[in-house]
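Comments concern the structure below.
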Amino acid sequence: NAGVMQNPRHLVRRRGQEARLRCSPMKGHSHVYWYRQLPEEGLKFMVYLQKENIIDESGMPKERFSAEFPKEGPSILRIQQVVRGDSAAYFCASSPRLEFDGQFFGPGTRLTVL
Amino acid sequence: GENVEQHPSTLSVQEGDSAVIKCTYSDSASNYFPWYKQELGKGPQLIIDIRSNVGEKKDQRIAVTLNKTAKHFSLHITETQPEDSAVYFCAASLTSSGAGSYQLTFGKGTKLSVIP
């Protein structure tokens with residue numbers, strides 16, 4: 001029973017490049033959340049998606065960041081024209097249904113912007 | 001929006017002693033409070049959670065208490081072991097129907113070190 005999967009685990013980009021982070025939720029889970037964690041900080045909510053729908057993106061920066069969760073395939077968090085301040089660990093979490101509150105996290109993608 | 005404060009930021013205990021981590025939240029409407037354990041280089045792992053209609057919940061050596069009036073909740077770990085060493089995060093969420101996205105608001109974490 002595989003948990004939440006994220007790839008890549010580590011990603012290095014130069015300033016101005018694009019970063020694509022992937023998340024496959026646990027089997028049977030249709031709700032996906034993305035969080036960002038800066039060093040020595042807690043996790044900050046970015047976006048909540050269901051299949052083919054963005055439900056809440058109130059935590060996502062207005063520019064350069066986008067997320068999707070297509071009908072088929074993993075959820076994607078995309079960061080365009082990365083800057084050094086985007087360096088962080090990005091975690092994906094999934095939950096099975098609306099009424100179930102537990103969110104289960106993946107191992108994260110550690111993005112380093114040079 | 002919700003704000004969660006967590007104390008202490010670091011905690012060292014001798015193996016076998018108890019550890020207590022405390023959190024306060026600001027939004028009285030929050031009704032779900034999970035605790036996560038994060039080991040170095042890994043994602044947060046849900047270890048216990050509590051809902052607002054319950055005052056205390058226990059799972060083996062781990063217990064969580066909730067005081068809704070004071071808007072604070074605590075994690076208690078008894079008989080600590082070296083493998084309990086990690087960063088622990090509390091979180092709060094509003095989960096009723098129509099509440100929105102059920103996003104978790106996290107505290108800044110407590111680094112627990114259990115000394116053998």
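Ordering of the structure tokens sets the chain letters (A, B, ...), residue numbers begin anew at 1 in every chain, and ligands are numbered from 1 in the order given.
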Give me the residues of region 58-113 of chain B that have any atom at most 8 Å from an atom of region 19-43 of chain A; for each, the nearest atom pair and the distance in Å, rounded to one decimal. Use only C-alpha atoms, sort by chain and number, and format it as JSON lines.
```
{"residue": "B:Phe89", "atom": "CA", "partner": "A:Gly42", "partner_atom": "CA", "distance": 7.2}
{"residue": "B:Gln103", "atom": "CA", "partner": "A:Tyr33", "partner_atom": "CA", "distance": 7.8}
{"residue": "B:Thr105", "atom": "CA", "partner": "A:Leu43", "partner_atom": "CA", "distance": 7.7}
{"residue": "B:Phe106", "atom": "CA", "partner": "A:Gly42", "partner_atom": "CA", "distance": 5.8}
{"residue": "B:Gly107", "atom": "CA", "partner": "A:Gly42", "partner_atom": "CA", "distance": 5.8}
{"residue": "B:Lys108", "atom": "CA", "partner": "A:Gly42", "partner_atom": "CA", "distance": 4.2}
{"residue": "B:Gly109", "atom": "CA", "partner": "A:Gly42", "partner_atom": "CA", "distance": 6.0}
```
Just-selected residues, N, CA, C and O atoms written as an mmCIF file, in the first residue's frame:
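Heads up, here's the output in again-v6.cif:
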```cif
data_model
loop_
_atom_site.group_PDB
_atom_site.id
_atom_site.type_symbol
_atom_site.label_atom_id
_atom_site.label_comp_id
_atom_site.auth_asym_id
_atom_site.auth_seq_id
_atom_site.Cartn_x
_atom_site.Cartn_y
_atom_site.Cartn_z
ATOM 1 N N PHE B 89 5.379 18.899 14.967
ATOM 2 C CA PHE B 89 4.557 20.038 14.556
ATOM 3 C C PHE B 89 3.119 19.838 15.001
ATOM 4 O O PHE B 89 2.549 18.750 14.820
ATOM 5 N N GLN B 103 -7.451 23.413 4.847
ATOM 6 C CA GLN B 103 -6.007 23.561 4.936
ATOM 7 C C GLN B 103 -5.560 23.505 6.382
ATOM 8 O O GLN B 103 -6.259 23.926 7.299
ATOM 9 N N THR B 105 -3.028 24.759 9.311
ATOM 10 C CA THR B 105 -2.125 25.838 9.725
ATOM 11 C C THR B 105 -1.189 25.246 10.770
ATOM 12 O O THR B 105 -1.644 24.747 11.808
ATOM 13 N N PHE B 106 0.105 25.309 10.505
ATOM 14 C CA PHE B 106 1.094 24.646 11.347
ATOM 15 C C PHE B 106 1.776 25.600 12.312
ATOM 16 O O PHE B 106 1.964 26.785 12.016
ATOM 17 N N GLY B 107 2.171 25.056 13.474
ATOM 18 C CA GLY B 107 3.119 25.750 14.329
ATOM 19 C C GLY B 107 4.507 25.645 13.728
ATOM 20 O O GLY B 107 4.708 24.956 12.726
ATOM 21 N N LYS B 108 5.479 26.319 14.359
ATOM 22 C CA LYS B 108 6.827 26.354 13.804
ATOM 23 C C LYS B 108 7.675 25.147 14.177
ATOM 24 O O LYS B 108 8.801 25.023 13.693
ATOM 25 N N GLY B 109 7.155 24.287 15.033
ATOM 26 C CA GLY B 109 7.864 23.054 15.320
ATOM 27 C C GLY B 109 8.640 23.066 16.620
ATOM 28 O O GLY B 109 9.059 24.120 17.108
#
```
Could you produce a table of the residues of chain A lying within 7 Å of chain B, with the nearest pair of atoms per residue and their separation in Å rounded to one decimal, using only C-alpha atoms, ordered by chain and increasing residue number, as a Markdown table?
```
| residue | atom | partner | partner_atom | distance |
| --- | --- | --- | --- | --- |
| A:Glu41 | CA | B:Lys108 | CA | 5.2 |
| A:Gly42 | CA | B:Lys108 | CA | 4.2 |
| A:Leu43 | CA | B:Phe106 | CA | 5.9 |
| A:Lys44 | CA | B:Thr105 | CA | 6.9 |
| A:Phe45 | CA | B:Gln103 | CA | 6.5 |
| A:Tyr48 | CA | B:Ser101 | CA | 6.3 |
| A:Ile55 | CA | B:Ser101 | CA | 6.6 |
| A:Asp56 | CA | B:Ser101 | CA | 5.8 |
| A:Asp101 | CA | B:Thr95 | CA | 6.9 |
| A:Phe104 | CA | B:Leu46 | CA | 6.8 |
| A:Phe105 | CA | B:Gly43 | CA | 5.9 |
| A:Gly106 | CA | B:Gly43 | CA | 5.6 |
| A:Pro107 | CA | B:Gly43 | CA | 4.2 |
| A:Gly108 | CA | B:Gly43 | CA | 5.9 |
```
Selection file, N, CA, C and O atoms, as a PDB file, in the first residue's frame:
```pdb
ATOM      1  N   GLU A  41      11.325  26.350   9.678  1.00  0.00           N
ATOM      2  CA  GLU A  41       9.961  26.863   9.746  1.00  0.00           C
ATOM      3  C   GLU A  41       8.947  25.721   9.654  1.00  0.00           C
ATOM      4  O   GLU A  41       9.277  24.608   9.249  1.00  0.00           O
ATOM      5  N   GLY A  42       7.715  26.045  10.009  1.00  0.00           N
ATOM      6  CA  GLY A  42       6.639  25.083   9.802  1.00  0.00           C
ATOM      7  C   GLY A  42       6.194  25.095   8.353  1.00  0.00           C
ATOM      8  O   GLY A  42       6.698  25.859   7.528  1.00  0.00           O
ATOM      9  N   LEU A  43       5.257  24.248   8.042  1.00  0.00           N
ATOM     10  CA  LEU A  43       4.749  24.160   6.678  1.00  0.00           C
ATOM     11  C   LEU A  43       3.683  25.224   6.444  1.00  0.00           C
ATOM     12  O   LEU A  43       2.842  25.478   7.312  1.00  0.00           O
ATOM     13  N   LYS A  44       3.716  25.801   5.251  1.00  0.00           N
ATOM     14  CA  LYS A  44       2.735  26.824   4.870  1.00  0.00           C
ATOM     15  C   LYS A  44       1.884  26.301   3.715  1.00  0.00           C
ATOM     16  O   LYS A  44       2.417  25.855   2.693  1.00  0.00           O
ATOM     17  N   PHE A  45       0.593  26.400   3.875  1.00  0.00           N
ATOM     18  CA  PHE A  45      -0.344  25.945   2.849  1.00  0.00           C
ATOM     19  C   PHE A  45      -0.196  26.763   1.576  1.00  0.00           C
ATOM     20  O   PHE A  45      -0.032  27.986   1.619  1.00  0.00           O
ATOM     21  N   TYR A  48      -4.995  23.707  -2.671  1.00  0.00           N
ATOM     22  CA  TYR A  48      -5.777  22.478  -2.464  1.00  0.00           C
ATOM     23  C   TYR A  48      -6.486  22.150  -3.776  1.00  0.00           C
ATOM     24  O   TYR A  48      -7.173  23.006  -4.356  1.00  0.00           O
ATOM     25  N   ILE A  55      -9.461  24.019  -5.763  1.00  0.00           N
ATOM     26  CA  ILE A  55     -10.483  24.384  -4.791  1.00  0.00           C
ATOM     27  C   ILE A  55     -10.083  25.645  -4.028  1.00  0.00           C
ATOM     28  O   ILE A  55     -10.897  26.517  -3.777  1.00  0.00           O
ATOM     29  N   ASP A  56      -8.806  25.726  -3.642  1.00  0.00           N
ATOM     30  CA  ASP A  56      -8.346  26.863  -2.850  1.00  0.00           C
ATOM     31  C   ASP A  56      -6.875  27.107  -3.165  1.00  0.00           C
ATOM     32  O   ASP A  56      -6.054  26.238  -2.918  1.00  0.00           O
ATOM     33  N   ASP A 101     -10.419  14.163   7.746  1.00  0.00           N
ATOM     34  CA  ASP A 101      -9.555  15.296   7.965  1.00  0.00           C
ATOM     35  C   ASP A 101      -8.077  14.993   7.919  1.00  0.00           C
ATOM     36  O   ASP A 101      -7.262  15.896   7.841  1.00  0.00           O
ATOM     37  N   PHE A 104      -2.075  13.008   4.679  1.00  0.00           N
ATOM     38  CA  PHE A 104      -0.894  12.176   4.726  1.00  0.00           C
ATOM     39  C   PHE A 104       0.139  12.727   3.747  1.00  0.00           C
ATOM     40  O   PHE A 104      -0.163  12.914   2.570  1.00  0.00           O
ATOM     41  N   PHE A 105       1.336  12.948   4.255  1.00  0.00           N
ATOM     42  CA  PHE A 105       2.350  13.661   3.492  1.00  0.00           C
ATOM     43  C   PHE A 105       3.312  12.740   2.759  1.00  0.00           C
ATOM     44  O   PHE A 105       3.634  11.636   3.216  1.00  0.00           O
ATOM     45  N   GLY A 106       3.800  13.248   1.641  1.00  0.00           N
ATOM     46  CA  GLY A 106       4.862  12.598   0.904  1.00  0.00           C
ATOM     47  C   GLY A 106       6.216  12.988   1.464  1.00  0.00           C
ATOM     48  O   GLY A 106       6.299  13.788   2.404  1.00  0.00           O
ATOM     49  N   PRO A 107       7.295  12.474   0.877  1.00  0.00           N
ATOM     50  CA  PRO A 107       8.646  12.746   1.379  1.00  0.00           C
ATOM     51  C   PRO A 107       9.180  14.120   1.014  1.00  0.00           C
ATOM     52  O   PRO A 107      10.195  14.546   1.535  1.00  0.00           O
ATOM     53  N   GLY A 108       8.494  14.801   0.104  1.00  0.00           N
ATOM     54  CA  GLY A 108       8.906  16.155  -0.248  1.00  0.00           C
ATOM     55  C   GLY A 108       9.866  16.217  -1.416  1.00  0.00           C
ATOM     56  O   GLY A 108      10.538  15.247  -1.767  1.00  0.00           O
TER      57      GLY A 108
END
```
Would you mind writing down, as number ranges by chain, each residue of chain B that DSSP on the backbone assigns to strand (DSSP E)? B: 4-7, 10-14, 19-25, 32-38, 45-51, 56-59, 62-67, 72-77, 86-92, 105-106, 110-115
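Of the listed residues (B:Ala86, B:Ile50, B:Ser18, B:Cys23), B:Cys23 comes nearest to Glu5 (chain B); the distances count only C-alpha atoms.
Reported to one decimal place, the separation of CA of Ala2 (chain A) from CA of Asp84 (chain B) is 23.8 Å.
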